[in-house]
file coords_25.cif (mmCIF, C-alpha atoms)
data_data
loop_
_atom_site.label_atom_id
_atom_site.label_comp_id
_atom_site.auth_asym_id
_atom_site.auth_seq_id
_atom_site.Cartn_x
_atom_site.Cartn_y
_atom_site.Cartn_z
CA MET A 13 7.64 29.09 -3.09
CA MET A 14 7.68 25.31 -3.14
CA LYS A 15 7.25 23.64 -6.51
CA MET A 16 6.31 20.12 -7.49
CA ASN A 17 8.46 18.82 -10.34
CA LYS A 18 6.62 16.28 -12.47
CA LEU A 19 9.26 13.61 -12.16
CA MET A 20 8.39 10.15 -13.46
CA VAL A 21 9.83 7.61 -11.06
CA ALA A 22 11.27 4.39 -12.44
CA LEU A 23 9.28 1.17 -12.35
CA PRO A 24 5.72 2.58 -12.21
CA LEU A 25 2.94 0.30 -11.09
CA SER A 26 1.42 -1.92 -13.74
CA LEU A 27 -2.22 -0.92 -14.04
CA SER A 28 -3.55 -2.91 -16.97
CA LEU A 29 -6.97 -3.36 -15.46
CA LEU A 30 -8.44 -5.72 -17.99
CA VAL A 31 -5.81 -8.47 -17.97
CA PRO A 32 -5.38 -10.95 -15.10
CA THR A 33 -2.02 -11.42 -13.42
CA ALA A 34 0.48 -13.89 -14.80
CA ALA A 35 -0.01 -17.46 -13.74
CA LEU A 36 1.37 -18.35 -10.35
CA ALA A 37 3.53 -21.31 -9.56
CA ASP A 38 1.75 -24.62 -9.21
CA SER A 39 0.45 -25.61 -5.84
CA HIS A 40 2.61 -28.10 -3.98
CA GLY A 41 1.91 -31.78 -4.26
CA GLY A 42 0.41 -34.15 -1.75
CA GLY A 43 -3.30 -34.02 -2.44
CA HIS A 44 -3.41 -30.46 -3.77
CA GLY A 45 -3.15 -31.30 -7.44
CA GLU A 46 -5.50 -28.67 -8.84
CA SER A 47 -4.16 -26.88 -11.87
CA THR A 48 -2.68 -23.40 -11.56
CA GLN A 49 -5.70 -21.98 -13.40
CA GLN A 50 -8.09 -23.66 -10.97
CA MET A 51 -6.10 -22.53 -7.95
CA GLU A 52 -5.83 -18.88 -8.95
CA ALA A 53 -9.32 -18.38 -10.36
CA PRO A 54 -11.03 -17.07 -7.19
CA THR A 55 -8.38 -14.41 -6.57
CA ALA A 56 -7.21 -13.57 -10.11
CA THR A 57 -10.39 -12.82 -12.03
CA LYS A 58 -10.56 -9.68 -14.14
CA ALA A 59 -12.67 -8.03 -11.45
CA ALA A 60 -10.08 -8.98 -8.84
CA GLU A 61 -7.29 -7.47 -10.93
CA LEU A 62 -9.25 -4.23 -11.22
CA ARG A 63 -9.76 -3.99 -7.48
CA ILE A 64 -6.13 -4.80 -6.67
CA ALA A 65 -4.78 -2.31 -9.20
CA LEU A 66 -6.97 0.41 -7.71
CA ASP A 67 -6.10 -0.66 -4.17
CA THR A 68 -2.38 -0.38 -4.89
CA VAL A 69 -2.41 2.99 -6.60
CA LEU A 70 -4.91 4.65 -4.24
CA THR A 71 -3.25 3.50 -1.02
CA GLU A 72 0.12 4.55 -2.40
CA HIS A 73 -1.35 7.99 -3.10
CA ALA A 74 -2.28 8.42 0.56
CA PHE A 75 1.13 7.20 1.73
CA LEU A 76 3.11 9.41 -0.67
CA ALA A 77 0.90 12.46 -0.08
CA VAL A 78 1.53 12.39 3.67
CA GLU A 79 5.27 11.89 3.20
CA ALA A 80 5.59 14.63 0.55
CA MET A 81 3.72 17.10 2.76
CA ARG A 82 6.08 16.38 5.65
CA LYS A 83 9.11 16.80 3.40
CA GLY A 84 7.69 20.10 2.18
CA VAL A 85 7.18 21.69 5.57
CA ASP A 86 10.61 20.48 6.71
CA GLY A 87 12.27 22.03 3.65
CA ALA A 88 13.88 18.63 3.06
CA GLU A 89 16.42 18.15 0.28
CA ASP A 90 14.42 15.26 -1.12
CA PHE A 91 11.13 17.16 -1.40
CA ASP A 92 11.25 17.33 -5.22
CA GLN A 93 11.76 13.57 -5.45
CA ALA A 94 9.05 12.82 -2.86
CA SER A 95 6.59 15.04 -4.71
CA GLY A 96 7.75 13.56 -8.02
CA ALA A 97 6.86 10.10 -6.74
CA LEU A 98 3.42 11.40 -5.79
CA LEU A 99 2.89 12.82 -9.27
CA ALA A 100 4.11 9.62 -10.91
CA ASN A 101 1.48 7.85 -8.84
CA ALA A 102 -1.09 10.29 -10.25
CA GLU A 103 -0.02 9.26 -13.76
CA ASP A 104 -0.66 5.63 -12.82
CA LEU A 105 -4.13 6.50 -11.56
CA LYS A 106 -4.85 8.47 -14.74
CA ALA A 107 -3.88 5.39 -16.78
CA ALA A 108 -6.19 3.25 -14.66
CA VAL A 109 -9.15 5.56 -15.24
CA ALA A 110 -8.37 5.83 -18.97
CA SER A 111 -8.26 2.05 -19.31
CA VAL A 112 -11.92 1.98 -18.32
CA TYR A 113 -13.32 5.34 -19.41
CA GLY A 114 -11.07 6.16 -22.36
CA GLU A 115 -8.37 8.77 -22.91
CA GLU A 116 -10.78 11.70 -22.65
CA GLY A 117 -12.08 10.41 -19.34
CA GLY A 118 -8.53 9.88 -18.12
CA GLU A 119 -7.55 13.44 -19.03
CA GLN A 120 -10.62 14.90 -17.37
CA PHE A 121 -10.00 12.91 -14.21
CA ASP A 122 -6.30 13.83 -14.17
CA ALA A 123 -6.94 17.58 -14.36
CA ILE A 124 -9.23 17.39 -11.33
CA TRP A 125 -7.04 14.98 -9.37
CA GLN A 126 -3.83 16.96 -9.98
CA SER A 127 -5.56 20.12 -8.75
CA HIS A 128 -6.11 18.67 -5.29
CA ILE A 129 -2.45 17.70 -5.03
CA GLY A 130 -1.64 21.34 -5.80
CA TYR A 131 -4.03 22.55 -3.10
CA PHE A 132 -2.31 20.32 -0.54
CA VAL A 133 1.00 21.88 -1.59
CA ASP A 134 -0.54 25.33 -1.13
CA TYR A 135 -1.57 24.31 2.38
CA VAL A 136 1.93 23.09 3.17
CA THR A 137 3.48 26.29 1.81
CA ALA A 138 1.13 28.50 3.81
CA THR A 139 1.83 26.48 6.95
CA ALA A 140 5.59 26.88 6.49
CA GLU A 141 5.12 30.62 6.06
CA GLY A 142 2.75 30.95 9.02
CA ASN A 143 0.15 32.29 6.60
CA GLU A 144 -3.26 31.54 8.13
CA GLU A 145 -5.12 33.23 5.29
CA GLY A 146 -3.25 31.06 2.79
CA LYS A 147 -4.19 27.94 4.72
CA GLU A 148 -7.85 28.90 4.71
CA GLN A 149 -7.69 29.59 0.98
CA ALA A 150 -6.17 26.15 0.33
CA LEU A 151 -8.89 24.50 2.41
CA ALA A 152 -11.56 26.42 0.49
CA GLU A 153 -10.06 25.22 -2.79
CA LEU A 154 -10.10 21.65 -1.49
CA GLU A 155 -13.81 22.05 -0.76
CA GLU A 156 -14.39 23.03 -4.38
CA TYR A 157 -12.25 20.13 -5.53
CA LYS A 158 -14.41 17.65 -3.62
CA VAL A 159 -17.53 18.74 -5.47
CA GLU A 160 -15.85 18.67 -8.86
CA GLN A 161 -14.31 15.24 -8.27
CA ALA A 162 -17.58 13.86 -6.95
CA LYS A 163 -19.44 15.06 -10.03
CA PHE A 164 -16.87 13.30 -12.21
CA PHE A 165 -17.39 9.95 -10.49
CA ASP A 166 -21.16 10.36 -10.44
CA THR A 167 -21.22 11.01 -14.18
CA ALA A 168 -18.56 8.44 -15.12
CA THR A 169 -20.24 5.62 -13.19
CA GLU A 170 -23.72 6.68 -14.36
CA GLY A 171 -24.86 7.33 -10.81
CA ARG A 172 -23.45 4.19 -9.25
CA LEU A 173 -21.21 6.41 -7.10
CA SER A 174 -23.47 9.28 -6.18
CA GLU A 175 -22.08 12.79 -5.86
CA GLU A 176 -23.27 13.00 -2.27
CA ALA A 177 -21.57 9.74 -1.26
CA VAL A 178 -18.28 10.65 -2.95
CA VAL A 179 -18.22 14.09 -1.31
CA GLU A 180 -18.70 12.35 2.04
CA GLY A 181 -15.76 10.07 1.32
CA LEU A 182 -13.57 12.90 0.08
CA ASP A 183 -14.32 14.79 3.29
CA VAL A 184 -12.74 11.90 5.16
CA HIS A 185 -9.78 11.67 2.78
CA VAL A 186 -8.93 15.37 3.01
CA ASP A 187 -9.44 15.45 6.78
CA GLN A 188 -7.11 12.49 7.22
CA LEU A 189 -4.29 13.98 5.17
CA ILE A 190 -4.63 17.43 6.71
CA GLY A 191 -4.91 15.85 10.16
CA ALA A 192 -1.76 13.79 9.65
CA PHE A 193 0.11 16.88 8.43
CA ASP A 194 -1.12 19.25 11.16
CA ALA A 195 -0.29 16.72 13.88
CA TYR A 196 3.21 16.31 12.43
CA VAL A 197 3.77 20.08 12.40
CA GLU A 198 2.58 20.29 16.01
CA GLY A 199 5.00 17.55 17.05
CA ASP A 200 2.19 15.10 17.87
CA PHE A 201 3.85 12.31 15.93
CA GLU A 202 1.76 9.51 17.40
CA THR A 203 -1.42 11.10 16.09
CA ALA A 204 0.30 11.88 12.80
CA TYR A 205 1.07 8.20 12.18
CA GLU A 206 -2.39 7.13 13.27
CA TRP A 207 -3.90 9.49 10.68
CA GLU A 208 -1.47 8.27 8.02
CA ARG A 209 -2.39 4.64 8.55
CA GLU A 210 -6.10 5.46 8.59
CA SER A 211 -5.75 7.38 5.31
CA ILE A 212 -4.11 4.37 3.66
CA HIS A 213 -6.82 1.99 4.82
CA HIS A 214 -9.56 4.40 3.80
CA MET A 215 -8.28 4.50 0.23
CA SER A 216 -8.36 0.72 0.15
CA MET A 217 -12.04 0.93 0.99
CA PHE A 218 -12.59 3.36 -1.89
CA ALA A 219 -10.84 0.94 -4.25
CA GLU A 220 -13.37 -1.71 -3.24
CA THR A 221 -16.33 0.59 -3.84
CA LEU A 222 -15.03 1.91 -7.16
CA SER A 223 -14.28 -1.58 -8.45
CA ILE A 224 -17.83 -2.69 -7.60
CA ALA A 225 -19.24 0.28 -9.50
CA ILE A 226 -17.08 -0.30 -12.58
CA THR A 227 -17.70 -4.02 -12.83
CA ASP A 228 -21.43 -3.44 -12.44
CA GLN A 229 -21.27 -0.83 -15.20
CA PHE A 230 -19.15 -2.91 -17.61
CA PRO A 231 -19.84 -6.56 -16.71
CA GLU A 232 -18.71 -7.92 -20.09
CA LYS A 233 -15.30 -6.28 -19.81
CA PHE A 234 -14.73 -8.19 -16.60
CA ASP A 235 -16.22 -11.54 -17.65
CA ASN A 236 -19.14 -10.90 -15.31
CA THR A 237 -16.85 -11.53 -12.34
CA ASN A 238 -17.28 -10.00 -8.91
CA PRO A 239 -14.59 -7.92 -7.11
CA ASP A 240 -16.31 -8.33 -3.75
CA THR A 241 -16.01 -12.04 -2.95
CA PRO A 242 -14.40 -13.50 0.17
CA ALA A 243 -11.41 -14.63 -1.91
CA VAL A 244 -10.85 -11.17 -3.39
CA ASP A 245 -11.40 -9.57 0.02
CA LEU A 246 -8.58 -11.74 1.30
CA ARG A 247 -6.24 -10.72 -1.51
CA ALA A 248 -7.12 -7.05 -1.10
CA SER A 249 -6.48 -7.20 2.66
CA LEU A 250 -3.10 -8.79 2.04
CA ASN A 251 -2.35 -6.24 -0.66
CA THR A 252 -3.06 -3.23 1.56
CA THR A 253 -1.10 -4.51 4.53
CA PHE A 254 1.91 -5.70 2.54
CA THR A 255 2.30 -2.42 0.70
CA GLU A 256 1.81 -0.40 3.88
CA HIS A 257 4.56 -2.40 5.56
CA ALA A 258 7.01 -1.52 2.79
CA GLY A 259 6.15 2.18 2.93
CA LEU A 260 6.34 2.47 6.70
CA ALA A 261 9.63 0.56 6.84
CA ALA A 262 11.29 2.78 4.23
CA MET A 263 10.28 6.02 5.93
CA ALA A 264 11.15 4.80 9.43
CA MET A 265 14.66 4.06 8.19
CA GLN A 266 14.89 7.56 6.74
CA ASP A 267 13.83 8.99 10.10
CA GLY A 268 16.50 6.89 11.78
CA ALA A 269 19.21 8.16 9.43
CA ASP A 270 18.12 11.76 10.01
CA GLY A 271 17.87 11.43 13.77
CA ALA A 272 14.33 12.74 13.40
CA GLU A 273 12.18 13.47 16.42
CA SER A 274 9.46 11.35 14.87
CA PHE A 275 11.60 8.19 14.67
CA ASP A 276 10.09 6.50 17.73
CA GLN A 277 6.57 6.97 16.40
CA ALA A 278 7.56 5.90 12.88
CA ALA A 279 9.07 2.72 14.30
CA GLY A 280 6.02 2.34 16.53
CA ALA A 281 3.71 2.27 13.52
CA LEU A 282 5.84 -0.47 12.01
CA LEU A 283 5.88 -2.43 15.26
CA ALA A 284 2.11 -2.08 15.62
CA ASN A 285 1.85 -4.03 12.39
CA ALA A 286 4.14 -6.70 13.87
CA ASP A 287 1.94 -6.94 16.96
CA ASP A 288 -1.10 -7.49 14.75
CA LEU A 289 0.67 -10.27 12.90
CA SER A 290 1.80 -11.96 16.11
CA ALA A 291 -1.70 -11.84 17.57
CA ALA A 292 -3.05 -13.38 14.38
CA VAL A 293 -0.60 -16.26 14.60
CA GLY A 294 -1.47 -16.87 18.23
CA SER A 295 -5.20 -16.82 17.50
CA VAL A 296 -4.83 -19.60 14.92
CA TYR A 297 -1.88 -21.68 16.11
CA GLY A 298 -1.81 -20.93 19.82
CA GLU A 299 0.22 -18.67 22.06
CA GLU A 300 3.44 -20.64 21.66
CA ALA A 301 3.40 -20.29 17.88
CA GLY A 302 2.45 -16.64 18.19
CA ALA A 303 5.39 -16.00 20.49
CA GLN A 304 7.75 -17.86 18.15
CA PHE A 305 6.54 -15.84 15.19
CA GLU A 306 6.78 -12.55 17.08
CA GLU A 307 10.37 -13.23 18.09
CA THR A 308 11.42 -14.02 14.52
CA TRP A 309 9.46 -11.25 12.82
CA LYS A 310 10.49 -8.50 15.22
CA SER A 311 14.11 -9.61 14.99
CA HIS A 312 14.28 -8.51 11.37
CA ILE A 313 12.92 -5.07 12.25
CA GLY A 314 15.68 -4.88 14.84
CA TYR A 315 18.30 -5.86 12.26
CA PHE A 316 17.16 -3.03 10.00
CA VAL A 317 17.56 -0.67 12.96
CA ASP A 318 21.04 -2.10 13.56
CA TYR A 319 21.89 -1.36 9.92
CA VAL A 320 20.62 2.19 10.20
CA THR A 321 22.59 2.74 13.41
CA ALA A 322 25.79 1.31 11.95
CA THR A 323 25.38 3.47 8.86
CA GLY A 324 25.03 6.57 11.02
CA GLU A 325 28.22 5.65 12.85
CA GLY A 326 30.15 4.87 9.67
CA ASN A 327 30.59 1.35 11.03
CA GLU A 328 30.99 -0.91 7.99
CA GLU A 329 31.56 -3.96 10.16
CA GLY A 330 28.28 -3.26 11.91
CA GLN A 331 26.54 -2.96 8.56
CA GLU A 332 27.87 -6.34 7.46
CA GLN A 333 26.82 -7.89 10.75
CA ALA A 334 23.29 -6.55 10.32
CA ARG A 335 23.17 -7.94 6.77
CA ALA A 336 24.34 -11.33 8.03
CA GLU A 337 21.62 -11.31 10.68
CA LEU A 338 19.03 -10.42 8.05
CA ASP A 339 20.25 -13.35 5.93
CA GLN A 340 19.74 -15.71 8.86
CA TYR A 341 16.34 -14.19 9.57
CA ILE A 342 15.27 -14.96 6.00
CA VAL A 343 16.11 -18.65 6.49
CA ASP A 344 14.39 -18.84 9.88
CA GLN A 345 11.22 -17.04 8.78
CA ALA A 346 10.91 -19.12 5.61
CA ALA A 347 11.28 -22.37 7.54
CA PHE A 348 8.69 -21.34 10.12
CA LEU A 349 6.10 -20.37 7.52
CA GLU A 350 6.68 -23.42 5.34
CA SER A 351 5.94 -25.54 8.39
CA ALA A 352 2.94 -23.48 9.51
CA THR A 353 1.33 -23.62 6.06
CA GLU A 354 2.07 -27.33 5.67
CA GLY A 355 4.40 -26.72 2.75
CA ARG A 356 2.03 -24.73 0.57
CA ILE A 357 4.56 -21.90 0.56
CA PRO A 358 7.97 -23.54 -0.05
CA ALA A 359 10.89 -22.22 1.96
CA ASP A 360 13.06 -21.65 -1.12
CA ALA A 361 10.44 -19.41 -2.72
CA LEU A 362 10.05 -17.52 0.55
CA GLU A 363 13.79 -17.05 0.84
CA GLU A 364 13.97 -15.62 -2.66
CA GLY A 365 11.16 -13.18 -1.98
CA LEU A 366 12.39 -12.15 1.44
CA THR A 367 15.84 -11.50 -0.01
CA GLU A 368 14.35 -9.24 -2.68
CA HIS A 369 12.31 -7.36 -0.08
CA VAL A 370 15.33 -6.80 2.16
CA GLU A 371 17.47 -5.60 -0.75
CA GLN A 372 14.81 -3.16 -1.92
CA LEU A 373 14.59 -1.51 1.49
CA LEU A 374 18.36 -1.42 1.96
CA THR A 375 18.84 0.08 -1.51
CA ALA A 376 16.23 2.74 -0.79
CA PHE A 377 17.97 3.55 2.48
CA ASP A 378 21.54 3.52 1.14
CA SER A 379 20.51 5.76 -1.76
CA TYR A 380 18.80 8.17 0.61
CA VAL A 381 21.88 8.41 2.80
CA ALA A 382 24.07 8.97 -0.27
CA GLY A 383 21.82 11.82 -1.43
CA ASP A 384 20.66 9.91 -4.51
CA TYR A 385 17.02 10.70 -3.86
CA GLU A 386 15.79 9.75 -7.30
CA THR A 387 17.01 6.17 -6.79
CA ALA A 388 15.73 6.20 -3.21
CA TYR A 389 12.16 7.01 -4.23
CA ALA A 390 12.28 4.73 -7.24
CA SER A 391 13.26 1.93 -4.84
CA ILE A 392 10.51 2.85 -2.39
CA ARG A 393 7.92 2.71 -5.16
CA GLU A 394 9.42 -0.54 -6.38
CA ALA A 395 9.20 -2.01 -2.88
CA TYR A 396 5.60 -0.83 -2.60
CA ALA A 397 4.60 -2.33 -5.95
CA HIS A 398 6.60 -5.49 -5.25
CA MET A 399 4.32 -6.27 -2.33
CA THR A 400 1.41 -6.89 -4.68
CA MET A 401 3.16 -10.11 -5.66
CA PRO A 402 2.90 -11.91 -2.31
CA ALA A 403 -0.69 -10.77 -1.98
CA ALA A 404 -1.49 -12.49 -5.28
CA GLY A 405 0.52 -15.63 -4.54
CA LEU A 406 -0.51 -16.05 -0.92
CA SER A 407 -4.20 -15.45 -1.51
CA ALA A 408 -4.11 -18.11 -4.23
CA ALA A 409 -2.39 -20.52 -1.85
CA ILE A 410 -4.82 -19.81 0.99
CA THR A 411 -7.91 -20.29 -1.15
CA ASP A 412 -6.43 -23.59 -2.30
CA GLN A 413 -5.86 -24.59 1.31
CA PHE A 414 -9.32 -23.58 2.54
CA PRO A 415 -11.58 -23.66 -0.56
CA GLU A 416 -14.76 -24.10 1.44
CA GLN A 417 -14.23 -20.69 3.05
CA PHE A 418 -13.96 -18.75 -0.20
CA GLY A 419 -17.12 -19.40 -2.17
CA GLU A 420 -18.44 -16.92 -4.69
CA ALA A 421 -20.62 -14.05 -3.48
CA GLU A 422 -23.47 -12.39 -5.29
CA MET A 423 -22.87 -8.95 -6.76
CA PRO A 424 -24.12 -6.30 -4.31
CA SER A 425 -27.64 -5.12 -5.05
CA GLU A 426 -26.62 -1.56 -4.18
CA MET A 427 -23.41 0.38 -3.64
CA PRO A 428 -21.89 0.49 -0.12
CA SER A 429 -23.38 3.41 1.80
CA THR A 430 -20.16 4.64 3.39
CA GLY A 431 -19.05 7.06 0.71
CA MET A 432 -15.59 6.23 -0.59
CA GLY A 433 -15.64 2.66 0.58
CA GLY A 434 -16.74 0.34 3.31
CA MET A 435 -16.59 -3.36 4.03
CA SER A 436 -19.50 -5.20 2.53
CA ALA A 437 -21.61 -7.70 4.37
CA ASN A 438 -19.92 -10.62 2.63
CA SER A 439 -16.41 -9.94 3.86
CA THR A 440 -14.49 -12.88 5.23
CA THR A 441 -14.88 -13.95 8.83
CA PRO A 442 -12.57 -12.86 11.66
CA TYR A 443 -11.00 -16.32 11.60
CA LEU A 444 -9.96 -15.87 7.99
CA TRP A 445 -8.54 -12.43 8.63
CA ALA A 446 -6.46 -13.95 11.42
CA LEU A 447 -5.18 -16.52 8.96
CA ALA A 448 -4.45 -13.77 6.48
CA GLY A 449 -2.54 -11.93 9.19
CA LEU A 450 -0.28 -14.92 9.66
CA LEU A 451 0.51 -15.22 5.99
CA LEU A 452 1.26 -11.54 5.58
CA ALA A 453 4.66 -12.37 6.97
CA ALA A 454 5.51 -14.64 4.08
CA LEU A 455 6.99 -12.04 1.78
CA ILE A 456 7.11 -13.06 -1.89
CA THR A 457 6.31 -16.33 -3.51
CA THR A 458 7.41 -15.39 -6.99
CA VAL A 459 9.10 -12.20 -8.17
CA ALA A 460 11.08 -10.90 -11.10
CA VAL A 461 14.69 -10.14 -10.16
CA ARG A 462 15.49 -6.59 -11.18
CA THR A 463 18.92 -5.09 -11.78
CA ARG A 464 19.43 -2.68 -8.96
CA LYS A 465 21.86 0.16 -8.34
CA GLN A 466 23.66 -0.82 -5.15
#
call {"tool": "encode", "arguments": {"input": "coords_25.cif", "output": "structure tokens"}}
result
Amino acid sequence: MMKMNKLMVALPLSLSLLVPTAALADSHGGGHGESTQQMEAPTATKAAELRIALDTVLTEHAFLAVEAMRKGVDGAEDFDQASGALLANAEDLKAAVASVYGEEGGEQFDAIWQSHIGYFVDYVTATAEGNEEGKEQALAELEEYKVEQAKFFDTATEGRLSEEAVVEGLDVHVDQLIGAFDAYVEGDFETAYEWERESIHHMSMFAETLSIAITDQFPEKFDNTNPDTPAVDLRASLNTTFTEHAGLAAMAMQDGADGAESFDQAAGALLANADDLSAAVGSVYGEEAGAQFEETWKSHIGYFVDYVTATGEGNEEGQEQARAELDQYIVDQAAFLESATEGRIPADALEEGLTEHVEQLLTAFDSYVAGDYETAYASIREAYAHMTMPAAGLSAAITDQFPEQFGEAEMPSEMPSTGMGGMSANSTTPYLWALAGLLLAALITTVAVRTRKQ
């Protein structure tokens, strides 16, 4: 019988919901002399911090749940560490709830939330055993979980998230995770990755809805700020896509090392993201710029593949060559984006952040290959959390660059009607999302350098 060890992974996400992020670096000179406080205000309000914290922990839940379920049915050696990362994520979410609703509320939420993780494990176990009755039982327990969890949110938010709406959203969440898992078991890896990506994006939508409910319920705690403005939408979009990139990259590299049948589809999910970015660049700066960006961006994905291949062959020279190519990529990408953003994101800051990102993914991969799964999953979670930094920095830079596009929005008069999330009517325009897509490629403006096990 499979078991989930409650293993706390190093470097958990920071989820202090009531305190804004640390101040970002000053905007560059040349007519953009607003203070740091003025520049960051639209994207770093207390309401924004709440939404981003929820976005990070909820999307990571979906990502880790899918990966842990796959590890379970495969009987993988790293299943305990994958499931431990999922449970550490649950601790982060418990802390987030407790920061708003108190310790008792956090404990009540945690008991319900942990139960549904257990039911997913039951489903995985029954699938591995070919036990159809066990699968049906797990699904029945998940149905009961939905009702219990929905009642919690209805009560906690004083009706702002109705039981009916939350059940509707949880239906989608459970269907997406089960769908991703079933497709994987059946060998339909393309569908499996489509479901995984949809589950991540769906949880981002729930983070938006939940943050609206909480800030409406406790306006004074959040300085009467709004989590659903165009500026915060931009930051949240960046946050979701950045973190997803890190997760997909880490797992695609694992698939490559294992020679997994799903490698092509794992890499395809990562490349689909690259295609989106390239199209965004072309839509703003023209086809030539889009093609230039695509060539540079996709090159670094290729260099990661080269590193994975060389590792599998025991080719140390090939590994060093791939690292050297990644170093050159960092310089090229930073220069391109500094030029495209008219210097608002300095090349030296980009190089520092890109270097950190590359090292995190390589450390996660090297540790996985060496069988040090605890370090591997700690590094994956670190890489995931690290991506919240560029979302904060870049959204601040973008709103400084285009302030007229990011005015304040009124608080919604009613909750979104799509259950666990949904884009509100005051989301940013397609043009701005295209701009955001471009700047997703600029990987960290400021970041703390951590001591890493190499």
call {"tool": "resolve_selection", "arguments": {"input": "coords_25.cif", "expression": "the PyMOL selection byres ((chain A and resi 120) around 12)", "output": "list in words"}}
result
Lys106, Ala107, Val109, Ala110, Tyr113, Gly114, Glu115, Glu116, Gly117, Gly118, Glu119, Phe121, Asp122, Ala123, Ile124, Trp125, Gln126, Ser127, Glu160, Gln161, Lys163, Phe164, Phe165, Thr167 and Ala168 of chain A
call {"tool": "residues_around", "arguments": {"input": "coords_25.cif", "residues": "A:Gly314", "least_positions_apart": "2", "cutoff": "12 Å", "atoms": "all atoms listed in the file", "output": "list in words"}}
result
Ala261, Ala264, Met265, Ala279, Leu282, Leu283, Ala286, Glu306, Glu307, Thr308, Trp309, Lys310, Ser311, His312, Phe316, Val317, Asp318, Tyr319, Val320, Thr321, Ala334, Arg335, Glu337, Leu338 and Tyr341 of chain A
call {"tool": "closest_residue", "arguments": {"input": "coords_25.cif", "among": "A:Ala395, A:Met217, A:Thr353, A:Asp200", "to": "A:Gly365", "atoms": "all atoms listed in the file"}}
result
A:Ala395
call {"tool": "resolve_selection", "arguments": {"input": "coords_25.cif", "expression": "the PyMOL selection byres ((chain A and resi 150) around 10)", "output": "JSON, numbers by chain"}}
result
{"A": [128, 130, 131, 132, 133, 134, 135, 136, 137, 138, 144, 145, 146, 147, 148, 149, 151, 152, 153, 154, 155, 156]}
call {"tool": "write_last_selection", "arguments": {"input": "coords_25.cif", "atoms": "C-alpha atoms", "output": "short mmCIF file (atom, residue, chain, number, x, y, z; two decimals), keeping the file's coordinate frame"}}
result
data_model
loop_
_atom_site.label_atom_id
_atom_site.label_comp_id
_atom_site.auth_asym_id
_atom_site.auth_seq_id
_atom_site.Cartn_x
_atom_site.Cartn_y
_atom_site.Cartn_z
CA HIS A 128 -6.11 18.67 -5.29
CA GLY A 130 -1.64 21.34 -5.80
CA TYR A 131 -4.03 22.55 -3.10
CA PHE A 132 -2.31 20.32 -0.54
CA VAL A 133 1.00 21.88 -1.59
CA ASP A 134 -0.54 25.33 -1.13
CA TYR A 135 -1.57 24.31 2.38
CA VAL A 136 1.93 23.09 3.17
CA THR A 137 3.48 26.29 1.81
CA ALA A 138 1.13 28.50 3.81
CA GLU A 144 -3.26 31.54 8.13
CA GLU A 145 -5.12 33.23 5.29
CA GLY A 146 -3.25 31.06 2.79
CA LYS A 147 -4.19 27.94 4.72
CA GLU A 148 -7.85 28.90 4.71
CA GLN A 149 -7.69 29.59 0.98
CA LEU A 151 -8.89 24.50 2.41
CA ALA A 152 -11.56 26.42 0.49
CA GLU A 153 -10.06 25.22 -2.79
CA LEU A 154 -10.10 21.65 -1.49
CA GLU A 155 -13.81 22.05 -0.76
CA GLU A 156 -14.39 23.03 -4.38
#
call {"tool": "closest_residue", "arguments": {"input": "coords_25.cif", "among": "A:Gly330, A:Pro239, A:Gly96, A:Gly181", "to": "A:His73", "atoms": "all atoms listed in the file"}}
result
A:Gly96
call {"tool": "resolve_selection", "arguments": {"input": "coords_25.cif", "expression": "the PyMOL selection byres ((chain A and resi 260) around 12)", "output": "short mmCIF file (atom, residue, chain, number, x, y, z; two decimals) with C-alpha atoms, in the frame of the given file"}}
result
data_model
loop_
_atom_site.label_atom_id
_atom_site.label_comp_id
_atom_site.auth_asym_id
_atom_site.auth_seq_id
_atom_site.Cartn_x
_atom_site.Cartn_y
_atom_site.Cartn_z
CA GLU A 72 0.12 4.55 -2.40
CA PHE A 75 1.13 7.20 1.73
CA LEU A 76 3.11 9.41 -0.67
CA VAL A 78 1.53 12.39 3.67
CA GLU A 79 5.27 11.89 3.20
CA TYR A 205 1.07 8.20 12.18
CA GLU A 206 -2.39 7.13 13.27
CA GLU A 208 -1.47 8.27 8.02
CA ARG A 209 -2.39 4.64 8.55
CA ILE A 212 -4.11 4.37 3.66
CA THR A 253 -1.10 -4.51 4.53
CA PHE A 254 1.91 -5.70 2.54
CA THR A 255 2.30 -2.42 0.70
CA GLU A 256 1.81 -0.40 3.88
CA HIS A 257 4.56 -2.40 5.56
CA ALA A 258 7.01 -1.52 2.79
CA GLY A 259 6.15 2.18 2.93
CA ALA A 261 9.63 0.56 6.84
CA ALA A 262 11.29 2.78 4.23
CA MET A 263 10.28 6.02 5.93
CA ALA A 264 11.15 4.80 9.43
CA MET A 265 14.66 4.06 8.19
CA GLN A 266 14.89 7.56 6.74
CA ASP A 267 13.83 8.99 10.10
CA PHE A 275 11.60 8.19 14.67
CA GLN A 277 6.57 6.97 16.40
CA ALA A 278 7.56 5.90 12.88
CA ALA A 279 9.07 2.72 14.30
CA GLY A 280 6.02 2.34 16.53
CA ALA A 281 3.71 2.27 13.52
CA LEU A 282 5.84 -0.47 12.01
CA LEU A 283 5.88 -2.43 15.26
CA ALA A 284 2.11 -2.08 15.62
CA ASN A 285 1.85 -4.03 12.39
CA ALA A 286 4.14 -6.70 13.87
CA ILE A 313 12.92 -5.07 12.25
CA LEU A 373 14.59 -1.51 1.49
CA ILE A 392 10.51 2.85 -2.39
CA ARG A 393 7.92 2.71 -5.16
CA ALA A 395 9.20 -2.01 -2.88
CA TYR A 396 5.60 -0.83 -2.60
#
